[in-house]
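Novice: Below you'll find run.cif; it's mmCIF, C-alpha atoms.
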data_input
#
loop_
_atom_site.group_PDB
_atom_site.id
_atom_site.type_symbol
_atom_site.label_atom_id
_atom_site.label_comp_id
_atom_site.auth_asym_id
_atom_site.auth_seq_id
_atom_site.Cartn_x
_atom_site.Cartn_y
_atom_site.Cartn_z
ATOM 1 C CA MET A 1 62.119 -69.655 -1.500
ATOM 2 C CA ILE A 2 64.619 -67.444 -2.909
ATOM 3 C CA SER A 3 63.660 -64.013 -3.994
ATOM 4 C CA ASN A 4 65.323 -62.131 -6.592
ATOM 5 C CA ALA A 5 65.008 -58.535 -7.634
ATOM 6 C CA ASN A 6 62.402 -59.287 -10.217
ATOM 7 C CA ASP A 7 60.231 -61.071 -7.669
ATOM 8 C CA LEU A 8 60.587 -58.201 -5.259
ATOM 9 C CA THR A 9 59.758 -55.745 -7.978
ATOM 10 C CA GLU A 10 56.768 -57.843 -8.993
ATOM 11 C CA ARG A 11 55.528 -58.068 -5.418
ATOM 12 C CA LEU A 12 55.999 -54.332 -4.929
ATOM 13 C CA ARG A 13 54.259 -53.640 -8.154
ATOM 14 C CA ARG A 14 51.286 -55.880 -7.169
ATOM 15 C CA ARG A 15 51.182 -54.378 -3.723
ATOM 16 C CA LEU A 16 51.286 -50.853 -5.157
ATOM 17 C CA GLU A 17 48.601 -51.862 -7.648
ATOM 18 C CA HIS A 18 46.482 -53.282 -4.850
ATOM 19 C CA GLU A 19 46.976 -50.200 -2.682
ATOM 20 C CA ARG A 20 46.266 -47.962 -5.678
ATOM 21 C CA ARG A 21 42.982 -49.853 -6.276
ATOM 22 C CA GLU A 22 42.095 -49.567 -2.606
ATOM 23 C CA ILE A 23 42.867 -45.822 -2.686
ATOM 24 C CA GLU A 24 40.840 -45.438 -5.885
ATOM 25 C CA GLU A 25 37.931 -47.378 -4.417
ATOM 26 C CA LEU A 26 38.151 -45.439 -1.189
ATOM 27 C CA THR A 27 38.411 -42.167 -3.132
ATOM 28 C CA ALA A 28 35.487 -43.189 -5.383
ATOM 29 C CA SER A 29 33.454 -44.154 -2.330
ATOM 30 C CA GLU A 30 34.264 -40.838 -0.622
ATOM 31 C CA LEU A 31 33.502 -38.936 -3.829
ATOM 32 C CA GLU A 32 30.128 -40.726 -4.116
ATOM 33 C CA ARG A 33 29.377 -39.958 -0.475
ATOM 34 C CA LEU A 34 30.453 -36.333 -1.018
ATOM 35 C CA ALA A 35 28.315 -36.158 -4.187
ATOM 36 C CA GLU A 36 25.324 -37.600 -2.343
ATOM 37 C CA ASN A 37 25.808 -35.121 0.507
ATOM 38 C CA SER A 38 26.172 -32.304 -2.040
ATOM 39 C CA ARG A 39 22.961 -33.429 -3.797
ATOM 40 C CA ARG A 40 21.143 -33.603 -0.447
ATOM 41 C CA VAL A 41 22.397 -30.132 0.525
ATOM 42 C CA ALA A 42 21.514 -28.774 -2.937
ATOM 43 C CA ARG A 43 17.991 -30.296 -2.777
ATOM 44 C CA SER A 44 17.505 -28.888 0.712
ATOM 45 C CA ALA A 45 18.759 -25.477 -0.418
ATOM 46 C CA LEU A 46 16.482 -25.654 -3.484
ATOM 47 C CA ARG A 47 13.449 -26.495 -1.309
ATOM 48 C CA THR A 48 14.345 -23.644 1.039
ATOM 49 C CA ILE A 49 14.741 -21.258 -1.921
ATOM 50 C CA GLU A 50 11.413 -22.390 -3.411
ATOM 51 C CA ARG A 51 9.627 -22.004 -0.051
ATOM 52 C CA ASP A 52 11.187 -18.568 0.544
ATOM 53 C CA THR A 53 10.341 -17.542 -3.024
ATOM 54 C CA GLU A 54 6.708 -18.620 -2.562
ATOM 55 C CA GLU A 55 6.490 -16.698 0.717
ATOM 56 C CA ALA A 56 8.053 -13.611 -0.883
ATOM 57 C CA THR A 57 5.715 -13.939 -3.881
ATOM 58 C CA GLY A 58 2.696 -14.219 -1.557
ATOM 59 C CA LYS A 59 3.792 -11.161 0.408
ATOM 60 C CA MET A 60 4.462 -9.262 -2.834
ATOM 61 C CA ARG A 61 1.020 -10.265 -4.131
ATOM 62 C CA GLU A 62 -0.581 -8.951 -0.928
ATOM 63 C CA LEU A 63 1.385 -5.704 -1.219
ATOM 64 C CA LEU A 64 0.375 -5.319 -4.849
ATOM 65 C CA VAL A 65 -3.285 -5.909 -4.011
ATOM 66 C CA LYS A 66 -3.096 -3.299 -1.261
ATOM 67 C CA ALA A 67 -0.997 -0.974 -3.428
ATOM 68 C CA TRP A 68 -3.571 -0.735 -6.224
ATOM 69 C CA GLN A 69 -6.607 -0.670 -3.924
ATOM 70 C CA ARG A 70 -5.738 2.646 -2.293
ATOM 71 C CA PRO A 71 -5.261 4.585 -5.588
ATOM 72 C CA LEU A 72 -8.357 2.882 -6.977
ATOM 73 C CA ILE A 73 -10.449 3.947 -3.982
ATOM 74 C CA VAL A 74 -9.047 7.488 -4.089
ATOM 75 C CA GLY A 75 -9.594 7.667 -7.858
ATOM 76 C CA LEU A 76 -13.151 6.368 -7.594
ATOM 77 C CA SER A 77 -13.881 8.788 -4.756
ATOM 78 C CA LEU A 78 -12.566 11.705 -6.795
ATOM 79 C CA TRP A 79 -14.473 10.576 -9.878
ATOM 80 C CA ILE A 80 -17.707 10.206 -7.905
ATOM 81 C CA GLY A 81 -17.097 13.611 -6.287
ATOM 82 C CA PHE A 82 -16.464 15.319 -9.621
ATOM 83 C CA PHE A 83 -19.298 13.505 -11.353
ATOM 84 C CA GLY A 84 -21.734 14.092 -8.501
ATOM 85 C CA GLY A 85 -20.733 17.741 -8.150
ATOM 86 C CA SER A 86 -20.979 18.331 -11.885
ATOM 87 C CA TRP A 87 -24.326 16.566 -12.048
ATOM 88 C CA ALA A 88 -25.690 18.582 -9.112
ATOM 89 C CA THR A 89 -24.375 21.832 -10.602
ATOM 90 C CA MET A 90 -25.935 21.043 -13.972
ATOM 91 C CA ARG A 91 -29.262 20.172 -12.324
ATOM 92 C CA TRP A 92 -29.183 23.450 -10.371
ATOM 93 C CA LEU A 93 -28.251 25.460 -13.492
ATOM 94 C CA ALA A 94 -30.954 23.752 -15.564
ATOM 95 C CA GLY A 95 -33.539 24.500 -12.860
ATOM 96 C CA SER A 96 -32.368 28.100 -12.592
ATOM 97 C CA ILE A 97 -32.513 28.575 -16.364
ATOM 98 C CA GLN A 98 -35.966 26.966 -16.505
ATOM 99 C CA ASP A 99 -37.202 29.277 -13.714
ATOM 100 C CA ARG A 100 -35.867 32.304 -15.583
ATOM 101 C CA ILE A 101 -37.516 31.172 -18.820
ATOM 102 C CA VAL A 102 -40.839 30.825 -16.998
ATOM 103 C CA THR A 103 -40.375 34.213 -15.292
ATOM 104 C CA ARG A 104 -39.509 35.884 -18.602
ATOM 105 C CA ALA A 105 -42.560 34.344 -20.281
ATOM 106 C CA GLU A 106 -44.742 35.646 -17.422
ATOM 107 C CA LEU A 107 -43.161 39.116 -17.671
ATOM 108 C CA ASN A 108 -43.661 39.176 -21.461
ATOM 109 C CA ARG A 109 -47.306 38.206 -20.939
ATOM 110 C CA ASP A 110 -47.692 40.968 -18.297
ATOM 111 C CA ILE A 111 -46.034 43.514 -20.636
ATOM 112 C CA GLU A 112 -48.359 42.525 -23.465
ATOM 113 C CA ASP A 113 -51.359 42.833 -21.108
ATOM 114 C CA ALA A 114 -50.147 46.295 -20.040
ATOM 115 C CA ARG A 115 -49.757 47.362 -23.697
ATOM 116 C CA ARG A 116 -53.279 46.211 -24.484
ATOM 117 C CA THR A 117 -54.570 48.034 -21.394
ATOM 118 C CA LEU A 118 -52.689 51.211 -22.391
ATOM 119 C CA ALA A 119 -54.019 51.001 -25.932
ATOM 120 C CA GLN A 120 -57.529 50.569 -24.532
ATOM 121 C CA LEU A 121 -57.020 53.551 -22.188
ATOM 122 C CA GLU A 122 -55.936 55.723 -25.105
ATOM 123 C CA VAL A 123 -59.057 54.680 -26.988
ATOM 124 C CA ASP A 124 -61.250 55.314 -23.913
ATOM 125 C CA THR A 125 -59.683 58.740 -23.120
ATOM 126 C CA TRP A 126 -59.664 59.912 -26.751
ATOM 127 C CA GLY A 127 -55.919 60.552 -26.551
ATOM 128 C CA LEU A 128 -56.175 63.083 -23.675
ATOM 129 C CA VAL A 129 -53.143 63.253 -21.354
ATOM 130 C CA PHE A 130 -52.904 64.954 -17.952
ATOM 131 C CA HIS A 131 -49.789 67.007 -17.327
ATOM 132 C CA GLU A 132 -48.609 69.054 -14.331
ATOM 133 C CA ILE A 133 -46.079 71.900 -14.557
ATOM 134 C CA LYS A 134 -45.050 73.796 -11.394
ATOM 135 C CA GLY A 135 -48.272 72.971 -9.609
ATOM 136 C CA GLU A 136 -50.511 73.933 -12.548
ATOM 137 C CA ARG A 137 -52.546 71.199 -14.188
ATOM 138 C CA PHE A 138 -53.182 70.839 -17.898
ATOM 139 C CA VAL A 139 -55.036 68.513 -20.207
ATOM 140 C CA VAL A 140 -53.009 67.885 -23.322
ATOM 141 C CA VAL A 141 -55.265 67.280 -26.297
ATOM 142 C CA PRO A 142 -54.442 65.548 -29.568
ATOM 143 C CA ASP A 143 -53.042 67.830 -32.236
ATOM 144 C CA GLY A 144 -55.748 69.299 -34.491
ATOM 145 C CA VAL A 145 -58.566 69.125 -31.897
ATOM 146 C CA LEU A 146 -58.361 72.827 -30.966
ATOM 147 C CA ASP A 147 -58.182 75.512 -33.663
ATOM 148 C CA ASP A 148 -56.535 78.070 -31.434
ATOM 149 C CA PRO A 149 -55.257 76.412 -28.265
ATOM 150 C CA PRO A 150 -54.848 78.826 -25.341
ATOM 151 C CA TRP A 151 -51.842 76.933 -23.874
ATOM 152 C CA TRP A 152 -48.901 75.023 -25.222
ATOM 153 C CA VAL A 153 -47.069 72.408 -23.116
ATOM 154 C CA GLU A 154 -43.442 71.458 -23.534
ATOM 155 C CA PRO A 155 -41.824 69.159 -24.415
ATOM 156 C CA GLY A 156 -43.089 68.773 -27.915
ATOM 157 C CA HIS A 157 -45.090 72.047 -27.975
ATOM 158 C CA LEU A 158 -48.420 70.255 -27.570
ATOM 159 C CA PRO A 159 -51.859 72.030 -27.391
ATOM 160 C CA ALA A 160 -53.360 72.029 -23.894
ATOM 161 C CA LEU A 161 -56.212 73.358 -21.776
ATOM 162 C CA LYS A 162 -55.454 74.659 -18.312
ATOM 163 C CA LEU A 163 -57.534 73.251 -15.461
ATOM 164 C CA SER A 164 -58.550 75.567 -12.643
ATOM 165 C CA ASN A 165 -56.793 75.247 -9.268
ATOM 166 C CA GLU A 166 -59.997 75.401 -7.314
#
Show me this structure written as structure tokens.

Specialist:
Amino acid sequence: MISNANDLTERLRRRLEHERREIEELTASELERLAENSRRVARSALRTIERDTEEATGKMRELLVKAWQRPLIVGLSLWIGFFGGSWATMRWLAGSIQDRIVTRAELNRDIEDARRTLAQLEVDTWGLVFHEIKGERFVVVPDGVLDDPPWWVEPGHLPALKLSNE
């Protein structure tokens, strides 16, 4: 067999083509293996991220639950304190006012009784009034009872009779 330049070129070309195909297949195989490894690593990373995110979300949820409970408890305590204190104060004030109303009604009744008693005394004593000036005792009589009263008592220049000191 005699080779010429064209045969050599053809053999080289076929050999290069064969080697190129082998390199392409090897490269494609390596790229597929690299892609599969990349997918596996990405899936693993994604699972890790999802797990870590769930853990962080759970912890955040717990923190949020605890974070709103404390202000809620403090707020409710303050509200109950204010409400209870206000209610107790209003009850005490209402009771105090009611007691004063009752006391005033009793005092008004007592004053009215005293006025009736005084009016009755004036009727029973015919308007006579006892008066003492510097140790001397007088009976002040209603105006017009005596024609010529022997004594006059101040204030008001009222007619009077002097009582003996004996």

Novice: Mind listing whatever residues come within 12 Å of the point (-41.1, 70.1, -22.0)? Use all atoms listed in the file, file coordinates, and give them as a PyMOL selection string.

Specialist: chain A and resi 131-134+152-158

Novice: Hey, can you check how far CA of Trp92 (chain A) sits from CA of Ile111 (chain A)?

Specialist: 28.1 Å

Novice: By how many Å are CA of Gly84 (chain A) and CA of Ile101 (chain A) apart?

Specialist: 25.4 Å

Novice: Within 8 Å of Pro142 (chain A), counting all atoms listed in the file, which residues qualify if same-chain residues fewer than 5 places away don't, as a PDB file with C-alpha atoms, in the frame of the given file?

Specialist:
ATOM      1  CA  GLY A 127     -55.919  60.552 -26.551  1.00  0.00           C
ATOM      2  CA  LEU A 128     -56.175  63.083 -23.675  1.00  0.00           C
ATOM      3  CA  LEU A 158     -48.420  70.255 -27.570  1.00  0.00           C
ATOM      4  CA  PRO A 159     -51.859  72.030 -27.391  1.00  0.00           C
TER       5      PRO A 159
END

Novice: Step by step, work through what the PyMOL selection byres ((chain A and resi 149) around 12) selects in the shown file, and finish by giving those residues as a VMD selection string.

Specialist: chain A and resid 138 to 148 150 to 153 157 to 162

Novice: Set up a box along x, y and z of the file covering all listed atoms of region 39-52 of chain A, add 3 Å on every one of the six sides, and write the centre and edge lengths in Å to one decimal, as JSON.

Specialist:
{"center_x": 16.3, "center_y": -26.1, "center_z": -1.4, "size_x": 19.3, "size_y": 21.0, "size_z": 10.8}
